[in-house]
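So this block is data.pdb, PDB, C-alpha atoms:
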ATOM      1  CA  MET A   1      10.479   8.303  -6.156  1.00  0.00           C
ATOM      2  CA  TYR A   2       8.613   5.445  -4.543  1.00  0.00           C
ATOM      3  CA  LYS A   3       8.915   3.237  -1.489  1.00  0.00           C
ATOM      4  CA  VAL A   4       7.073   0.006  -0.685  1.00  0.00           C
ATOM      5  CA  GLU A   5       6.917  -1.166   2.930  1.00  0.00           C
ATOM      6  CA  VAL A   6       5.286  -4.076   4.742  1.00  0.00           C
ATOM      7  CA  ASP A   7       4.028  -3.506   8.281  1.00  0.00           C
ATOM      8  CA  SER A   8       3.557  -7.063   9.524  1.00  0.00           C
ATOM      9  CA  ALA A   9       2.317  -5.949  12.939  1.00  0.00           C
ATOM     10  CA  LYS A  10      -0.496  -3.832  11.475  1.00  0.00           C
ATOM     11  CA  LYS A  11      -1.000  -6.105   8.467  1.00  0.00           C
ATOM     12  CA  ALA A  12      -0.522  -3.380   5.863  1.00  0.00           C
ATOM     13  CA  VAL A  13       1.381  -2.930   2.621  1.00  0.00           C
ATOM     14  CA  LYS A  14       2.138   0.776   2.290  1.00  0.00           C
ATOM     15  CA  ALA A  15       3.322   2.373  -0.935  1.00  0.00           C
ATOM     16  CA  THR A  16       4.557   5.960  -0.949  1.00  0.00           C
ATOM     17  CA  ILE A  17       4.855   7.673  -4.319  1.00  0.00           C
ATOM     18  CA  SER A  18       6.103  11.209  -4.855  1.00  0.00           C
ATOM     19  CA  GLY A  19       7.290  13.393  -7.680  1.00  0.00           C
ATOM     20  CA  MET A  20       6.991  12.520 -11.351  1.00  0.00           C
ATOM     21  CA  LEU A  21       7.861   8.904 -12.103  1.00  0.00           C
ATOM     22  CA  ASN A  22       9.276   8.011 -15.498  1.00  0.00           C
ATOM     23  CA  MET A  23       8.468   4.807 -17.350  1.00  0.00           C
ATOM     24  CA  ASP A  24      11.356   2.822 -15.821  1.00  0.00           C
ATOM     25  CA  GLU A  25      10.368   3.853 -12.295  1.00  0.00           C
ATOM     26  CA  VAL A  26       6.741   2.881 -12.918  1.00  0.00           C
ATOM     27  CA  LYS A  27       7.851  -0.528 -14.276  1.00  0.00           C
ATOM     28  CA  ASN A  28      10.139  -1.062 -11.269  1.00  0.00           C
ATOM     29  CA  TYR A  29       7.364  -0.040  -8.870  1.00  0.00           C
ATOM     30  CA  LEU A  30       4.985  -2.604 -10.374  1.00  0.00           C
ATOM     31  CA  ALA A  31       7.666  -5.318 -10.161  1.00  0.00           C
ATOM     32  CA  GLU A  32       8.382  -4.444  -6.522  1.00  0.00           C
ATOM     33  CA  MET A  33       4.688  -4.468  -5.606  1.00  0.00           C
ATOM     34  CA  ASN A  34       4.360  -7.913  -7.212  1.00  0.00           C
ATOM     35  CA  SER A  35       7.394  -9.154  -5.300  1.00  0.00           C
ATOM     36  CA  VAL A  36       6.263  -7.757  -1.942  1.00  0.00           C
ATOM     37  CA  CYS A  37       2.716  -9.041  -2.304  1.00  0.00           C
ATOM     38  CA  SER A  38       3.908 -12.523  -3.259  1.00  0.00           C
ATOM     39  CA  LYS A  39       5.537 -12.769   0.198  1.00  0.00           C
ATOM     40  CA  VAL A  40       2.388 -11.986   2.214  1.00  0.00           C
ATOM     41  CA  ASN A  41      -1.212 -13.169   2.147  1.00  0.00           C
ATOM     42  CA  PRO A  42      -2.983 -10.114   0.687  1.00  0.00           C
ATOM     43  CA  ARG A  43      -6.337 -11.316   2.059  1.00  0.00           C
ATOM     44  CA  GLU A  44      -4.935 -10.532   5.517  1.00  0.00           C
ATOM     45  CA  TYR A  45      -3.357  -7.190   4.572  1.00  0.00           C
ATOM     46  CA  ALA A  46      -4.654  -3.730   3.793  1.00  0.00           C
ATOM     47  CA  LEU A  47      -3.152  -1.742   0.925  1.00  0.00           C
ATOM     48  CA  ILE A  48      -2.335   1.887   1.725  1.00  0.00           C
ATOM     49  CA  ILE A  49      -1.336   4.113  -1.180  1.00  0.00           C
ATOM     50  CA  ASP A  50       0.179   7.450  -0.181  1.00  0.00           C
ATOM     51  CA  ALA A  51       0.608   9.325  -3.435  1.00  0.00           C
ATOM     52  CA  ARG A  52      -0.410  12.766  -2.249  1.00  0.00           C
ATOM     53  CA  GLU A  53       2.914  14.222  -3.495  1.00  0.00           C
ATOM     54  CA  GLN A  54       2.735  12.417  -6.822  1.00  0.00           C
ATOM     55  CA  LYS A  55       2.978  14.633  -9.877  1.00  0.00           C
ATOM     56  CA  ALA A  56       1.536  13.943 -13.313  1.00  0.00           C
ATOM     57  CA  MET A  57       3.192  10.948 -15.005  1.00  0.00           C
ATOM     58  CA  ALA A  58       5.039  10.923 -18.294  1.00  0.00           C
ATOM     59  CA  GLN A  59       2.672   9.912 -21.113  1.00  0.00           C
ATOM     60  CA  ASP A  60       4.759   6.860 -22.029  1.00  0.00           C
ATOM     61  CA  ALA A  61       4.293   5.561 -18.469  1.00  0.00           C
ATOM     62  CA  MET A  62       0.484   5.606 -18.625  1.00  0.00           C
ATOM     63  CA  PRO A  63       0.060   2.015 -19.928  1.00  0.00           C
ATOM     64  CA  PHE A  64       1.998   0.824 -16.872  1.00  0.00           C
ATOM     65  CA  VAL A  65      -0.098   3.014 -14.594  1.00  0.00           C
ATOM     66  CA  GLU A  66      -3.127   1.146 -15.967  1.00  0.00           C
ATOM     67  CA  LYS A  67      -1.422  -2.163 -15.098  1.00  0.00           C
ATOM     68  CA  ILE A  68      -0.697  -0.884 -11.591  1.00  0.00           C
ATOM     69  CA  MET A  69      -4.329   0.119 -11.086  1.00  0.00           C
ATOM     70  CA  LYS A  70      -5.443  -3.350 -12.217  1.00  0.00           C
ATOM     71  CA  PHE A  71      -2.879  -4.933  -9.872  1.00  0.00           C
ATOM     72  CA  TYR A  72      -4.325  -2.944  -6.961  1.00  0.00           C
ATOM     73  CA  THR A  73      -7.813  -4.239  -7.621  1.00  0.00           C
ATOM     74  CA  GLU A  74      -7.065  -7.777  -8.814  1.00  0.00           C
ATOM     75  CA  THR A  75      -4.923  -8.536  -5.773  1.00  0.00           C
ATOM     76  CA  PRO A  76      -7.371  -9.600  -3.058  1.00  0.00           C
ATOM     77  CA  PHE A  77      -6.358  -7.124  -0.352  1.00  0.00           C
ATOM     78  CA  LYS A  78      -8.439  -7.102   2.816  1.00  0.00           C
ATOM     79  CA  ARG A  79      -9.002  -3.335   2.374  1.00  0.00           C
ATOM     80  CA  ARG A  80      -7.678  -0.581   0.112  1.00  0.00           C
ATOM     81  CA  PHE A  81      -6.936   2.991   1.169  1.00  0.00           C
ATOM     82  CA  SER A  82      -5.660   5.925  -0.839  1.00  0.00           C
ATOM     83  CA  VAL A  83      -4.476   9.242   0.527  1.00  0.00           C
ATOM     84  CA  MET A  84      -5.972  12.037  -1.567  1.00  0.00           C
ATOM     85  CA  LEU A  85      -3.547  13.480  -4.119  1.00  0.00           C
ATOM     86  CA  GLU A  86      -2.506  17.109  -3.826  1.00  0.00           C
ATOM     87  CA  SER A  87      -2.089  17.550  -7.602  1.00  0.00           C
ATOM     88  CA  ALA A  88      -5.348  17.974  -9.504  1.00  0.00           C
ATOM     89  CA  ILE A  89      -3.570  17.015 -12.736  1.00  0.00           C
ATOM     90  CA  ALA A  90      -2.212  13.777 -11.247  1.00  0.00           C
ATOM     91  CA  MET A  91      -5.643  12.926  -9.826  1.00  0.00           C
ATOM     92  CA  SER A  92      -7.178  13.564 -13.237  1.00  0.00           C
ATOM     93  CA  GLN A  93      -4.703  11.126 -14.829  1.00  0.00           C
ATOM     94  CA  VAL A  94      -5.444   8.457 -12.227  1.00  0.00           C
ATOM     95  CA  ASN A  95      -9.193   8.878 -12.694  1.00  0.00           C
ATOM     96  CA  ARG A  96      -8.832   8.728 -16.474  1.00  0.00           C
ATOM     97  CA  VAL A  97      -6.872   5.441 -16.551  1.00  0.00           C
ATOM     98  CA  GLY A  98      -8.467   3.769 -13.556  1.00  0.00           C
ATOM     99  CA  LYS A  99     -11.847   5.239 -12.701  1.00  0.00           C
ATOM    100  CA  SER A 100     -13.431   1.897 -11.845  1.00  0.00           C
ATOM    101  CA  GLU A 101     -10.380   0.936  -9.778  1.00  0.00           C
ATOM    102  CA  VAL A 102     -10.336   4.252  -7.876  1.00  0.00           C
ATOM    103  CA  ASP A 103     -13.902   3.613  -6.739  1.00  0.00           C
ATOM    104  CA  LEU A 104     -12.727   0.505  -4.839  1.00  0.00           C
ATOM    105  CA  PHE A 105     -10.484   2.555  -2.524  1.00  0.00           C
ATOM    106  CA  GLU A 106     -11.455   4.265   0.702  1.00  0.00           C
ATOM    107  CA  MET A 107     -10.180   7.817   0.352  1.00  0.00           C
ATOM    108  CA  VAL A 108      -8.414   9.156   3.449  1.00  0.00           C
ATOM    109  CA  SER A 109      -6.674  12.427   4.239  1.00  0.00           C
ATOM    110  CA  SER A 110      -3.564  10.800   5.739  1.00  0.00           C
ATOM    111  CA  VAL A 111      -1.735   7.517   6.267  1.00  0.00           C
ATOM    112  CA  GLU A 112      -2.510   7.822   9.967  1.00  0.00           C
ATOM    113  CA  GLU A 113      -6.229   7.910   9.194  1.00  0.00           C
ATOM    114  CA  ALA A 114      -5.876   4.689   7.189  1.00  0.00           C
ATOM    115  CA  TYR A 115      -4.087   2.978  10.076  1.00  0.00           C
ATOM    116  CA  VAL A 116      -6.830   4.046  12.495  1.00  0.00           C
ATOM    117  CA  LYS A 117      -9.440   2.434  10.230  1.00  0.00           C
ATOM    118  CA  LEU A 118      -7.614  -0.902  10.035  1.00  0.00           C
TER     119      LEU A 118
END

Rewritten as structure tokens:
Amino acid sequence: MYKVEVDSAKKAVKATISGMLNMDEVKNYLAEMNSVCSKVNPREYALIIDAREQKAMAQDAMPFVEKIMKFYTETPFKRRFSVMLESAIAMSQVNRVGKSEVDLFEMVSSVEEAYVKL
């Protein structure tokens, strides 16, 4: 499951991802992120990724996970935050497909911590 929200007052795009997403869900998530970010000026917005309840992804979804990671870094967000994942396996997958992208995020322990740093 995923949810993408725009907080215009705090100038943040927040994405919450939980569970194990299949390939269709990953594709839909990428399309929704593209749609949401086309309606705001990313240079004025922070990106907050809350995927701490994300599980490992299906192998066939991994090419789209790579595209998502590139989207996160190629979109000129003002700042990027990621809440640390609870699943070591999911974190390993993310690091494997997007190590250079992961390094561009400020790691936080909660969404609230990201909002405080805005």

**Asked** Nearest to A:Val36 among A:Arg52, A:Arg79, A:Lys3, A:Lys67, with distances taken over only C-alpha atoms: which residue is it?
**Response**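 Once distances to A:Val36 are computed over only C-alpha atoms, the minimum belongs to A:Lys3.
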
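Here atom CA of A:Ser8 and atom CA of A:Phe77 stand 14.0 Å from one another.
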
Residue contacts of A:Phe81 (10 Å, all atoms listed in the file) excluding same-chain residues fewer than 3 positions away, as an mmCIF file with C-alpha atoms, in the frame of the given file:
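This is the output file out_15.cif:
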data_model
loop_
_atom_site.group_PDB
_atom_site.id
_atom_site.type_symbol
_atom_site.label_atom_id
_atom_site.label_comp_id
_atom_site.auth_asym_id
_atom_site.auth_seq_id
_atom_site.Cartn_x
_atom_site.Cartn_y
_atom_site.Cartn_z
ATOM 1 C CA LYS A 14 2.138 0.776 2.290
ATOM 2 C CA ALA A 46 -4.654 -3.730 3.793
ATOM 3 C CA LEU A 47 -3.152 -1.742 0.925
ATOM 4 C CA ILE A 48 -2.335 1.887 1.725
ATOM 5 C CA ILE A 49 -1.336 4.113 -1.180
ATOM 6 C CA ASP A 50 0.179 7.450 -0.181
ATOM 7 C CA MET A 84 -5.972 12.037 -1.567
ATOM 8 C CA VAL A 102 -10.336 4.252 -7.876
ATOM 9 C CA LEU A 104 -12.727 0.505 -4.839
ATOM 10 C CA PHE A 105 -10.484 2.555 -2.524
ATOM 11 C CA GLU A 106 -11.455 4.265 0.702
ATOM 12 C CA MET A 107 -10.180 7.817 0.352
ATOM 13 C CA VAL A 108 -8.414 9.156 3.449
ATOM 14 C CA SER A 109 -6.674 12.427 4.239
ATOM 15 C CA SER A 110 -3.564 10.800 5.739
ATOM 16 C CA VAL A 111 -1.735 7.517 6.267
ATOM 17 C CA GLU A 113 -6.229 7.910 9.194
ATOM 18 C CA ALA A 114 -5.876 4.689 7.189
ATOM 19 C CA TYR A 115 -4.087 2.978 10.076
ATOM 20 C CA LYS A 117 -9.440 2.434 10.230
ATOM 21 C CA LEU A 118 -7.614 -0.902 10.035
#

May I have a table of the residues of stretch 45-84 of chain A lying at most 8 Å from stretch 25-31 of chain A, giving each one's closest pair of atoms and their distance in Å to one decimal, counting only C-alpha atoms, ordered by chain and ascending residue number, as JSON lines?
{"residue": "A:Ala61", "atom": "CA", "partner": "A:Val26", "partner_atom": "CA", "distance": 6.6}
{"residue": "A:Phe64", "atom": "CA", "partner": "A:Val26", "partner_atom": "CA", "distance": 6.5}
{"residue": "A:Val65", "atom": "CA", "partner": "A:Val26", "partner_atom": "CA", "distance": 7.0}
{"residue": "A:Lys67", "atom": "CA", "partner": "A:Leu30", "partner_atom": "CA", "distance": 8.0}
{"residue": "A:Ile68", "atom": "CA", "partner": "A:Leu30", "partner_atom": "CA", "distance": 6.1}

Write out, as an mmCIF file, keeping the file's coordinate frame, the residues just selected, with C-alpha atoms.
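Once written, out-v2.cif looks like this:
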data_model
loop_
_atom_site.group_PDB
_atom_site.id
_atom_site.type_symbol
_atom_site.label_atom_id
_atom_site.label_comp_id
_atom_site.auth_asym_id
_atom_site.auth_seq_id
_atom_site.Cartn_x
_atom_site.Cartn_y
_atom_site.Cartn_z
ATOM 1 C CA ALA A 61 4.293 5.561 -18.469
ATOM 2 C CA PHE A 64 1.998 0.824 -16.872
ATOM 3 C CA VAL A 65 -0.098 3.014 -14.594
ATOM 4 C CA LYS A 67 -1.422 -2.163 -15.098
ATOM 5 C CA ILE A 68 -0.697 -0.884 -11.591
#

**Item:** Proximity to A:Val83 - best of A:Val4, A:Gln54, A:Ser35, A:Asp60, all atoms listed in the file
**Value:**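 Smallest separation from A:Val83 among the options: A:Gln54.
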
**Request:** Check the smallest atom-to-atom distance from each of A:Tyr45, A:Val116, A:Glu53, A:Met1 to A:Asn22 using all atoms listed in the file, then report the winner.
**Result:** A:Met1

**Request:** Report the distance between atom CA of A:Lys39 and atom CA of A:Thr73 in Å, rounded to one decimal place.
**Result:**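 These atoms are spaced 17.7 Å apart.
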